[in-house]
Structure formats: structure tokens, C-alpha cells
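One file, work24.csv, is given below (CSV, C-alpha atoms).
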chain,number,residue,atom,x,y,z
F,14,MET,CA,-87.3,125.9,-99.3
F,15,LYS,CA,-87.8,122.2,-99.3
F,16,ARG,CA,-86.8,120.7,-95.9
F,17,ILE,CA,-85.9,121.9,-92.4
F,18,ILE,CA,-83.9,119.4,-90.4
F,19,MET,CA,-83.6,119.7,-86.6
F,20,VAL,CA,-80.3,118.2,-85.4
F,21,THR,CA,-80.5,117.7,-81.7
F,22,GLY,CA,-78.5,115.7,-79.0
F,23,GLY,CA,-76.4,116.3,-76.0
F,24,SER,CA,-73.3,118.4,-75.9
F,25,ALA,CA,-70.2,116.9,-77.7
F,26,VAL,CA,-72.0,113.9,-79.1
F,27,GLY,CA,-70.8,114.7,-82.6
F,28,LYS,CA,-73.6,116.8,-84.2
F,29,THR,CA,-71.3,119.1,-86.0
F,30,ALA,CA,-69.0,116.3,-87.2
F,31,PHE,CA,-72.0,114.4,-88.5
F,32,LEU,CA,-73.2,117.4,-90.5
F,33,GLN,CA,-69.7,118.0,-91.9
F,34,ALA,CA,-69.8,114.5,-93.3
F,35,THR,CA,-73.4,114.6,-94.5
F,36,ILE,CA,-73.8,118.0,-96.1
F,37,PRO,CA,-71.0,117.5,-98.7
F,38,TYR,CA,-72.8,114.4,-99.9
F,39,LEU,CA,-76.1,116.3,-100.3
F,40,THR,CA,-74.1,119.0,-102.2
F,41,SER,CA,-72.7,116.4,-104.5
F,42,CYS,CA,-76.3,115.4,-105.2
F,43,GLY,CA,-77.1,118.9,-106.4
F,44,GLN,CA,-78.7,120.1,-103.1
F,45,TYR,CA,-77.9,123.6,-101.7
F,46,CYS,CA,-77.7,123.5,-97.9
F,47,CYS,CA,-77.4,126.1,-95.2
F,48,VAL,CA,-76.9,125.8,-91.5
F,49,CYS,CA,-78.0,127.6,-88.3
F,50,LYS,CA,-75.9,126.8,-85.3
F,51,MET,CA,-77.7,127.5,-82.0
F,52,ASP,CA,-75.7,128.0,-78.8
F,53,CYS,CA,-75.8,130.0,-75.6
F,54,LEU,CA,-72.8,132.3,-75.2
F,55,GLN,CA,-70.2,131.5,-77.9
F,56,SER,CA,-69.6,129.2,-80.9
F,57,ASP,CA,-66.9,128.8,-83.5
F,58,ASP,CA,-68.6,126.2,-85.6
F,59,GLN,CA,-69.6,128.7,-88.2
F,60,LYS,CA,-66.0,128.9,-89.2
F,61,THR,CA,-65.9,125.1,-89.9
F,62,TYR,CA,-69.0,125.3,-92.1
F,63,ARG,CA,-67.8,128.3,-94.0
F,64,ARG,CA,-64.5,126.5,-94.7
F,65,LEU,CA,-66.6,123.9,-96.5
F,66,GLY,CA,-68.5,126.6,-98.4
F,67,ILE,CA,-71.7,126.1,-96.4
F,68,PRO,CA,-73.6,129.3,-95.5
F,69,CYS,CA,-74.0,129.4,-91.7
F,70,VAL,CA,-75.7,131.8,-89.3
F,71,THR,CA,-75.1,131.6,-85.5
F,72,GLY,CA,-77.9,132.1,-83.0
F,73,LEU,CA,-76.7,132.9,-79.4
F,74,SER,CA,-79.5,132.8,-76.9
F,75,ASN,CA,-77.5,134.4,-74.0
F,76,ASP,CA,-79.9,134.7,-71.1
F,77,ILE,CA,-82.8,132.8,-72.8
F,78,CYS,CA,-83.3,129.0,-73.0
F,79,PRO,CA,-81.6,128.1,-76.3
F,80,ASP,CA,-84.4,125.8,-77.4
F,81,HIS,CA,-87.1,128.4,-76.7
F,82,PHE,CA,-84.8,130.9,-78.6
F,83,LEU,CA,-84.6,128.4,-81.5
F,84,VAL,CA,-88.4,128.1,-81.9
F,85,SER,CA,-88.9,131.8,-81.5
F,86,ASN,CA,-86.6,132.3,-84.5
F,87,LEU,CA,-88.0,129.7,-86.9
F,88,PRO,CA,-89.9,132.2,-89.1
F,89,GLU,CA,-86.8,134.3,-89.6
F,90,LEU,CA,-84.7,131.2,-90.3
F,91,TRP,CA,-87.2,130.1,-92.8
F,92,ASN,CA,-87.1,133.4,-94.6
F,93,TRP,CA,-83.3,133.5,-94.5
F,94,ALA,CA,-83.1,130.0,-96.1
F,95,THR,CA,-85.7,130.8,-98.6
F,96,ASP,CA,-83.9,134.0,-99.7
F,97,SER,CA,-80.8,131.9,-100.0
F,98,LYS,CA,-82.7,129.5,-102.3
F,99,ALA,CA,-81.6,126.6,-100.0
F,100,ASP,CA,-82.9,123.1,-100.5
F,101,PHE,CA,-82.1,122.1,-96.9
F,102,LEU,CA,-81.9,124.2,-93.8
F,103,PHE,CA,-80.1,122.3,-91.0
F,104,ILE,CA,-80.6,123.7,-87.5
F,105,GLU,CA,-78.1,122.4,-84.9
F,106,SER,CA,-79.4,122.7,-81.4
F,107,ALA,CA,-77.2,123.8,-78.4
F,108,GLY,CA,-77.6,120.4,-76.9
F,109,LEU,CA,-78.0,121.4,-73.3
F,110,CYS,CA,-81.5,120.6,-72.0
F,111,HIS,CA,-82.5,117.0,-72.6
F,112,ARG,CA,-86.2,117.8,-71.8
F,113,CYS,CA,-86.6,120.3,-74.6
F,114,SER,CA,-87.6,119.1,-78.0
F,115,PRO,CA,-87.7,122.0,-80.5
F,116,ALA,CA,-88.9,119.8,-83.4
F,117,THR,CA,-92.1,120.7,-85.1
F,118,GLU,CA,-94.6,118.7,-87.2
F,119,LYS,CA,-93.2,120.1,-90.4
F,120,THR,CA,-89.6,119.7,-89.7
F,121,ALA,CA,-87.6,116.4,-89.7
F,122,ALA,CA,-86.0,115.6,-86.3
F,123,LEU,CA,-82.7,113.9,-86.0
F,124,CYS,CA,-81.4,112.9,-82.6
F,125,VAL,CA,-77.6,112.3,-82.4
F,126,LEU,CA,-76.2,109.9,-79.8
F,127,ASP,CA,-72.6,109.2,-78.8
F,128,ALA,CA,-71.9,105.4,-79.0
F,129,THR,CA,-69.3,105.7,-76.3
F,130,ALA,CA,-71.6,107.3,-73.7
F,131,SER,CA,-73.3,105.5,-70.8
F,132,SER,CA,-75.7,102.7,-71.7
F,133,ARG,CA,-78.3,104.7,-69.8
F,134,SER,CA,-77.8,107.9,-71.9
F,135,PRO,CA,-80.7,107.2,-74.4
F,136,SER,CA,-83.3,106.9,-71.7
F,137,ARG,CA,-82.3,110.3,-70.3
F,138,LEU,CA,-83.1,112.2,-73.5
F,139,GLY,CA,-86.9,112.3,-73.3
F,140,PRO,CA,-88.9,113.7,-76.3
F,141,MET,CA,-85.7,114.6,-78.0
F,142,LEU,CA,-85.2,110.9,-78.7
F,143,THR,CA,-88.7,109.4,-78.4
F,144,GLN,CA,-90.2,111.8,-81.0
F,145,ALA,CA,-87.3,111.8,-83.4
F,146,ASP,CA,-87.7,110.7,-87.0
F,147,ALA,CA,-84.2,109.4,-87.2
F,148,ILE,CA,-81.5,108.5,-84.7
F,149,VAL,CA,-77.8,108.9,-85.7
F,150,ILE,CA,-75.3,107.1,-83.5
F,151,THR,CA,-71.8,108.6,-83.8
F,152,LYS,CA,-68.3,107.6,-82.9
F,153,ILE,CA,-68.9,104.0,-84.0
F,154,ASP,CA,-65.2,103.5,-84.7
F,155,MET,CA,-64.7,103.3,-81.0
F,156,ILE,CA,-67.1,100.4,-80.2
F,157,SER,CA,-67.5,96.8,-81.3
F,158,GLN,CA,-70.2,95.2,-83.4
F,159,ALA,CA,-71.7,93.6,-80.3
F,160,GLU,CA,-71.9,97.0,-78.6
F,161,ARG,CA,-73.6,98.4,-81.7
F,162,GLU,CA,-76.3,95.8,-81.4
F,163,ILE,CA,-76.9,96.5,-77.7
F,164,ILE,CA,-77.2,100.3,-78.4
F,165,ALA,CA,-79.6,99.6,-81.3
F,166,HIS,CA,-81.8,97.4,-79.1
F,167,GLN,CA,-81.9,100.1,-76.3
F,168,VAL,CA,-82.7,102.9,-78.7
F,169,ALA,CA,-85.4,100.8,-80.5
F,170,GLU,CA,-87.1,100.2,-77.1
F,171,LEU,CA,-87.5,104.0,-76.7
F,172,ASN,CA,-88.4,104.8,-80.3
F,173,GLU,CA,-89.2,101.9,-82.6
F,174,GLN,CA,-90.5,104.1,-85.4
F,175,ALA,CA,-87.4,106.1,-86.0
F,176,ALA,CA,-84.8,105.2,-88.7
F,177,MET,CA,-81.5,104.4,-87.2
F,178,PHE,CA,-78.0,105.1,-88.6
F,179,PHE,CA,-74.5,104.4,-87.4
F,180,VAL,CA,-72.1,107.1,-88.6
F,181,ASP,CA,-68.4,107.7,-88.2
F,182,GLY,CA,-68.2,111.5,-88.5
F,183,ARG,CA,-64.5,111.6,-88.7
F,184,GLU,CA,-64.2,109.3,-91.7
F,185,GLY,CA,-67.7,109.9,-93.1
F,186,TYR,CA,-68.8,106.3,-93.0
F,187,GLY,CA,-72.6,106.0,-93.0
F,188,ALA,CA,-73.2,109.6,-94.0
F,189,GLU,CA,-74.4,108.7,-97.5
F,190,LEU,CA,-77.1,106.5,-96.0
F,191,VAL,CA,-78.4,109.4,-93.9
F,192,GLY,CA,-78.1,111.6,-97.0
F,193,ASP,CA,-80.3,109.3,-99.1
F,194,TRP,CA,-82.9,109.2,-96.2
F,195,LEU,CA,-82.9,113.0,-96.2
F,196,LEU,CA,-83.3,113.3,-99.9
F,197,ALA,CA,-86.4,111.0,-99.7
F,198,LEU,CA,-88.2,113.3,-97.2
F,199,PRO,CA,-91.3,115.1,-98.5
F,200,ALA,CA,-90.7,118.8,-99.2
F,201,ILE,CA,-92.6,121.6,-97.3
F,202,THR,CA,-93.7,124.9,-98.8
F,203,THR,CA,-94.5,127.0,-95.8
F,204,TYR,CA,-94.0,127.1,-92.0
F,205,GLU,CA,-97.5,128.5,-91.5
F,206,ASN,CA,-99.7,126.5,-89.1
F,207,ASP,CA,-96.8,124.5,-87.9
F,208,LEU,CA,-96.9,123.0,-84.3
F,209,LEU,CA,-94.3,121.8,-81.8
F,210,ARG,CA,-94.4,118.1,-81.4
F,211,HIS,CA,-94.0,118.4,-77.7
F,212,THR,CA,-94.5,121.1,-75.1
F,213,MET,CA,-91.5,123.0,-73.8
F,214,PRO,CA,-90.6,122.8,-70.1
F,215,SER,CA,-92.7,125.0,-67.8
F,216,GLY,CA,-91.7,128.6,-67.0
F,217,VAL,CA,-91.4,131.4,-65.9
F,218,CYS,CA,-89.9,131.5,-62.5
F,219,SER,CA,-88.3,134.5,-60.6
F,220,TYR,CA,-84.8,133.3,-61.6
F,221,CYS,CA,-85.7,133.4,-65.3
F,222,VAL,CA,-86.3,137.2,-65.0
F,223,GLY,CA,-83.2,138.1,-63.1
F,224,GLU,CA,-83.7,137.2,-59.4
F,225,ARG,CA,-80.4,136.4,-57.7
F,226,ARG,CA,-81.4,136.0,-54.0
F,227,VAL,CA,-81.6,132.4,-52.8
F,228,GLY,CA,-84.5,131.3,-50.6
F,229,SER,CA,-88.1,130.3,-50.8
F,230,ASP,CA,-89.3,133.8,-50.0
F,231,PHE,CA,-87.8,135.0,-53.4
F,232,GLN,CA,-89.2,132.2,-55.5
F,233,LEU,CA,-92.2,133.1,-57.6
F,234,GLY,CA,-93.9,131.7,-60.7
F,235,VAL,CA,-93.4,128.0,-61.8
F,236,VAL,CA,-91.2,126.5,-59.0
F,237,GLY,CA,-90.5,122.8,-58.6
F,238,LYS,CA,-89.5,121.2,-55.3
F,239,ILE,CA,-87.8,117.9,-54.5
F,240,ASP,CA,-89.9,115.2,-52.8
F,241,PHE,CA,-87.8,114.1,-49.9
F,242,SER,CA,-90.3,111.5,-48.7
F,243,GLU,CA,-88.8,108.9,-51.0
F,244,ALA,CA,-85.4,109.2,-49.2
F,245,ALA,CA,-87.0,107.4,-46.2
F,246,ARG,CA,-88.2,104.5,-48.2

What do you get writing this file as C-alpha cells?
Amino acid sequence: MKRIIMVTGGSAVGKTAFLQATIPYLTSCGQYCCVCKMDCLQSDDQKTYRRLGIPCVTGLSNDICPDHFLVSNLPELWNWATDSKADFLFIESAGLCHRCSPATEKTAALCVLDATASSRSPSRLGPMLTQADAIVITKIDMISQAEREIIAHQVAELNEQAAMFFVDGREGYGAELVGDWLLALPAITTYENDLLRHTMPSGVCSYCVGERRVGSDFQLGVVGKIDFSEAAR
């Protein structure tokens, strides 16, 4: 194994389309890639990858937080990719919790943003964006050059260190630039002694372990409450 790439971002921002455009370029450069698609209950994305000749495994978290599930399976994914003699392992997150950031210090973190989303969307992503190594902005065929510059400015205010790429996943425009950036990343040789870049959200509460009854009397563990005092301000 050489590199593990975490591809995160909200639901339907174009993560899979971005990978479909980028991985063939890496393959043309002699790199062997495999993919793990993380989701909660169901995913058909593995069929898309396999049609492209890209080995893909699906991780369904079911009743577990998908990002916690992802991190819990990193050693097994490393072994699978190593046994497959892969140069790149891409892990596509479920894209549900914007607070979670499953990136580790040894992985490369790519955050995918939808150019057509609300201008406030980047600020809602938390460590998923602020600690990313690269930010990929998709669906650029649907916005103007002026809008691109506004998005770039907003994103840079949140993470000025990250590389920024504009990609049209449908046509593949911009994928080669991301591919060249990926090829320049330093290789890693082991996942041992790796660390999460940011803590996961707090748990566990009674609902995490199967409680169905609603009411304060049934809420145990780490429970958060809304501060209603600000409503009177």
C-alpha cells in the first residue's frame, strides 16, 4: 500500500462522480486503485466501480454511526488493499454527519463540495472541511466564473492551507489536476500508531443502545439539551 485517501462531503455532492473521473486517470498513470464505499443501509455504487474495472467493497454500518464504523474498519481495509497490491485505497464516506471527520494523520483527506449548494454550506461542514488536505468543488458546469471566485474565497477563509480544485465529474474536467496532486503525495507503509485528526462526536446515549421511549426519564449517558434562554433575547 502507498496511499489512503478519505473522500468526504455531504450527501449527493458528487463524491462518486468525482472518483469515477479521477481513478481512470490514475490507472492510466500505472496506478492500481481500489475503493471502499461506506453507507448506512444500502448502496449500489459498487456496481458503478466494478463496471470500470475498479475493485470495490461496501461497508454498511446499519445501526452504527457510519464514520465510527469507518474508523473501526481501517485496519481491515488496509489489509484488504495491501493484499490486493493497491497503490491507492479510496474510502468514500457516507456523507451524513457534518461534525464527523474520519480522516487520520496518515491518510489524505479530500472534502467534496457542491458548487450549486447554499453559499453557507462550507461553514456547516466543521472539521470535515477545516482539516482537509484538499477541497474538490464539483458541478462547476452549473455556475459562472464569478460564482467560482466567490466559493473559492469562502472556502479559503475556512481552510487556507488546503489545495483547491474545481471538477466537472460528468465530463471529467479538472480530474487530471487532482490526480497529479494525489500522485505527489508521500507514500505510507503502515497504519500502526495512526491518530484521528479530530475527535468524533460524543456518545453513548440511551438511544444509541436501543431505547425507544421518548422523555427525559429515559435519557441516559451523553445527552445534549437546547438552550432556550437565547430565544428571549

Show me a table, sorted first by chain and then by increasing residue number, of the residues of range 148-178 of chain F having an atom at most 8 Å from range 118-138 of chain F, each with its shortest atom pair and the distance in Å to one decimal, counting all atoms listed in the file and written as JSON lines.
{"residue": "F:Ile148", "atom": "CA", "partner": "F:Cys124", "partner_atom": "CA", "distance": 4.9}
{"residue": "F:Val149", "atom": "CA", "partner": "F:Val125", "partner_atom": "CA", "distance": 4.7}
{"residue": "F:Ile150", "atom": "CA", "partner": "F:Leu126", "partner_atom": "CA", "distance": 4.7}
{"residue": "F:Thr151", "atom": "CA", "partner": "F:Asp127", "partner_atom": "CA", "distance": 5.1}
{"residue": "F:Lys152", "atom": "CA", "partner": "F:Ala128", "partner_atom": "CA", "distance": 5.7}
{"residue": "F:Ile153", "atom": "CA", "partner": "F:Ala128", "partner_atom": "CA", "distance": 6.0}
{"residue": "F:Met155", "atom": "CA", "partner": "F:Thr129", "partner_atom": "CA", "distance": 7.0}
{"residue": "F:Ile156", "atom": "CA", "partner": "F:Thr129", "partner_atom": "CA", "distance": 6.9}
{"residue": "F:Arg161", "atom": "CA", "partner": "F:Ala128", "partner_atom": "CA", "distance": 7.7}
{"residue": "F:Ile164", "atom": "CA", "partner": "F:Ser132", "partner_atom": "CA", "distance": 7.3}
{"residue": "F:Gln167", "atom": "CA", "partner": "F:Pro135", "partner_atom": "CA", "distance": 7.4}
{"residue": "F:Val168", "atom": "CA", "partner": "F:Pro135", "partner_atom": "CA", "distance": 6.4}
{"residue": "F:Leu171", "atom": "CA", "partner": "F:Ser136", "partner_atom": "CA", "distance": 7.1}

With C-alpha atoms retained, export the selected residues as a PDB file, in the coordinates of the input.
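Result went into part-v1.pdb, see below:
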ATOM      1  CA  ILE F 148     -81.500 108.500 -84.700  1.00  0.00           C
ATOM      2  CA  VAL F 149     -77.800 108.900 -85.700  1.00  0.00           C
ATOM      3  CA  ILE F 150     -75.300 107.100 -83.500  1.00  0.00           C
ATOM      4  CA  THR F 151     -71.800 108.600 -83.800  1.00  0.00           C
ATOM      5  CA  LYS F 152     -68.300 107.600 -82.900  1.00  0.00           C
ATOM      6  CA  ILE F 153     -68.900 104.000 -84.000  1.00  0.00           C
ATOM      7  CA  MET F 155     -64.700 103.300 -81.000  1.00  0.00           C
ATOM      8  CA  ILE F 156     -67.100 100.400 -80.200  1.00  0.00           C
ATOM      9  CA  ARG F 161     -73.600  98.400 -81.700  1.00  0.00           C
ATOM     10  CA  ILE F 164     -77.200 100.300 -78.400  1.00  0.00           C
ATOM     11  CA  GLN F 167     -81.900 100.100 -76.300  1.00  0.00           C
ATOM     12  CA  VAL F 168     -82.700 102.900 -78.700  1.00  0.00           C
ATOM     13  CA  LEU F 171     -87.500 104.000 -76.700  1.00  0.00           C
TER      14      LEU F 171
END

Give me, as a tab-separated table, each residue of range 53-124 of chain F that comes within 9 Å of range 19-23 of chain F, together with its shortest interatomic pair and the distance in Å at one decimal, counting only C-alpha atoms, with rows ordered by chain and rising residue number.
residue	atom	partner	partner_atom	distance
F:Leu102	CA	F:Met19	CA	8.7
F:Phe103	CA	F:Met19	CA	6.2
F:Ile104	CA	F:Met19	CA	5.1
F:Glu105	CA	F:Val20	CA	4.8
F:Ser106	CA	F:Thr21	CA	5.1
F:Ala107	CA	F:Thr21	CA	7.7
F:Gly108	CA	F:Gly23	CA	4.4
F:Leu109	CA	F:Gly23	CA	6.0
F:Cys110	CA	F:Gly23	CA	7.8
F:His111	CA	F:Gly23	CA	7.0
F:Ser114	CA	F:Thr21	CA	8.1
F:Pro115	CA	F:Met19	CA	7.7
F:Ala116	CA	F:Met19	CA	6.2
F:Thr117	CA	F:Met19	CA	8.7
F:Thr120	CA	F:Met19	CA	6.8
F:Ala121	CA	F:Met19	CA	6.0
F:Ala122	CA	F:Met19	CA	4.8
F:Leu123	CA	F:Val20	CA	5.0
F:Cys124	CA	F:Thr21	CA	5.0

Pull C-alpha atoms from the residues just selected and write them as a PDB file, in the coordinates of the input.
ATOM      1  CA  LEU F 102     -81.900 124.200 -93.800  1.00  0.00           C
ATOM      2  CA  PHE F 103     -80.100 122.300 -91.000  1.00  0.00           C
ATOM      3  CA  ILE F 104     -80.600 123.700 -87.500  1.00  0.00           C
ATOM      4  CA  GLU F 105     -78.100 122.400 -84.900  1.00  0.00           C
ATOM      5  CA  SER F 106     -79.400 122.700 -81.400  1.00  0.00           C
ATOM      6  CA  ALA F 107     -77.200 123.800 -78.400  1.00  0.00           C
ATOM      7  CA  GLY F 108     -77.600 120.400 -76.900  1.00  0.00           C
ATOM      8  CA  LEU F 109     -78.000 121.400 -73.300  1.00  0.00           C
ATOM      9  CA  CYS F 110     -81.500 120.600 -72.000  1.00  0.00           C
ATOM     10  CA  HIS F 111     -82.500 117.000 -72.600  1.00  0.00           C
ATOM     11  CA  SER F 114     -87.600 119.100 -78.000  1.00  0.00           C
ATOM     12  CA  PRO F 115     -87.700 122.000 -80.500  1.00  0.00           C
ATOM     13  CA  ALA F 116     -88.900 119.800 -83.400  1.00  0.00           C
ATOM     14  CA  THR F 117     -92.100 120.700 -85.100  1.00  0.00           C
ATOM     15  CA  THR F 120     -89.600 119.700 -89.700  1.00  0.00           C
ATOM     16  CA  ALA F 121     -87.600 116.400 -89.700  1.00  0.00           C
ATOM     17  CA  ALA F 122     -86.000 115.600 -86.300  1.00  0.00           C
ATOM     18  CA  LEU F 123     -82.700 113.900 -86.000  1.00  0.00           C
ATOM     19  CA  CYS F 124     -81.400 112.900 -82.600  1.00  0.00           C
TER      20      CYS F 124
END

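Computed from the coordinates, the CA of Leu73 in chain F to CA of Asp57 in chain F distance equals 11.4 Å.
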
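Relative to CA of Ser157 in chain F, CA of Asp181 in chain F is found at 12.9 Å.
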
Mind checking which residues fall within 10 Å of Val70 in chain F, counting all atoms listed in the file, ignoring those fewer than 6 positions away in the same chain, and posting them as a list in words?
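Contacts, in chain order: Cys47, Val48, Cys49, Lys50, Met51, Asp58, Gln59, Tyr62, Arg63, Leu90, Trp93 and Ile104 of chain F.
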
Output the selection as a short mmCIF file (atom, residue, chain, number, x, y, z; two decimals), in the frame of the given file - C-alpha atoms for each residue.
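The file below, selection-v4.cif, is the result:
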data_model
loop_
_atom_site.label_atom_id
_atom_site.label_comp_id
_atom_site.auth_asym_id
_atom_site.auth_seq_id
_atom_site.Cartn_x
_atom_site.Cartn_y
_atom_site.Cartn_z
CA CYS F 47 -77.40 126.10 -95.20
CA VAL F 48 -76.90 125.80 -91.50
CA CYS F 49 -78.00 127.60 -88.30
CA LYS F 50 -75.90 126.80 -85.30
CA MET F 51 -77.70 127.50 -82.00
CA ASP F 58 -68.60 126.20 -85.60
CA GLN F 59 -69.60 128.70 -88.20
CA TYR F 62 -69.00 125.30 -92.10
CA ARG F 63 -67.80 128.30 -94.00
CA LEU F 90 -84.70 131.20 -90.30
CA TRP F 93 -83.30 133.50 -94.50
CA ILE F 104 -80.60 123.70 -87.50
#

Could you name the residues that touch range 215-225 of chain F at 9 Å or less, counting all atoms listed in the file, but leaving out those on the same chain fewer than 4 positions away, as a PDB file with C-alpha atoms, in the frame of the given file?
ATOM      1  CA  ASP F  76     -79.900 134.700 -71.100  1.00  0.00           C
ATOM      2  CA  ILE F  77     -82.800 132.800 -72.800  1.00  0.00           C
ATOM      3  CA  PHE F 231     -87.800 135.000 -53.400  1.00  0.00           C
ATOM      4  CA  GLN F 232     -89.200 132.200 -55.500  1.00  0.00           C
ATOM      5  CA  LEU F 233     -92.200 133.100 -57.600  1.00  0.00           C
ATOM      6  CA  GLY F 234     -93.900 131.700 -60.700  1.00  0.00           C
ATOM      7  CA  VAL F 235     -93.400 128.000 -61.800  1.00  0.00           C
ATOM      8  CA  VAL F 236     -91.200 126.500 -59.000  1.00  0.00           C
TER       9      VAL F 236
END

So, counting all atoms listed in the file, which residue among F:Asn86, F:Thr203, F:Gln144, F:Thr95 is closest to Tyr45 in chain F?
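Closest to Tyr45 in chain F, using all atoms listed in the file: F:Thr95.
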
A straight line from CA of Gly187 in chain F to CA of Arg64 in chain F spans 22.1 Å

Using only C-alpha atoms, pick whichever of F:Leu142, F:Leu196, F:Ser24, F:Leu32 has the shortest atom-to-atom distance to Asn172 in chain F.
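Distance minimum relative to Asn172 in chain F lands on F:Leu142.
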
Which is closest to Leu87 in chain F among F:Ile36, F:Ala145, F:Leu208, F:Ala30, if we use only C-alpha atoms?
F:Leu208
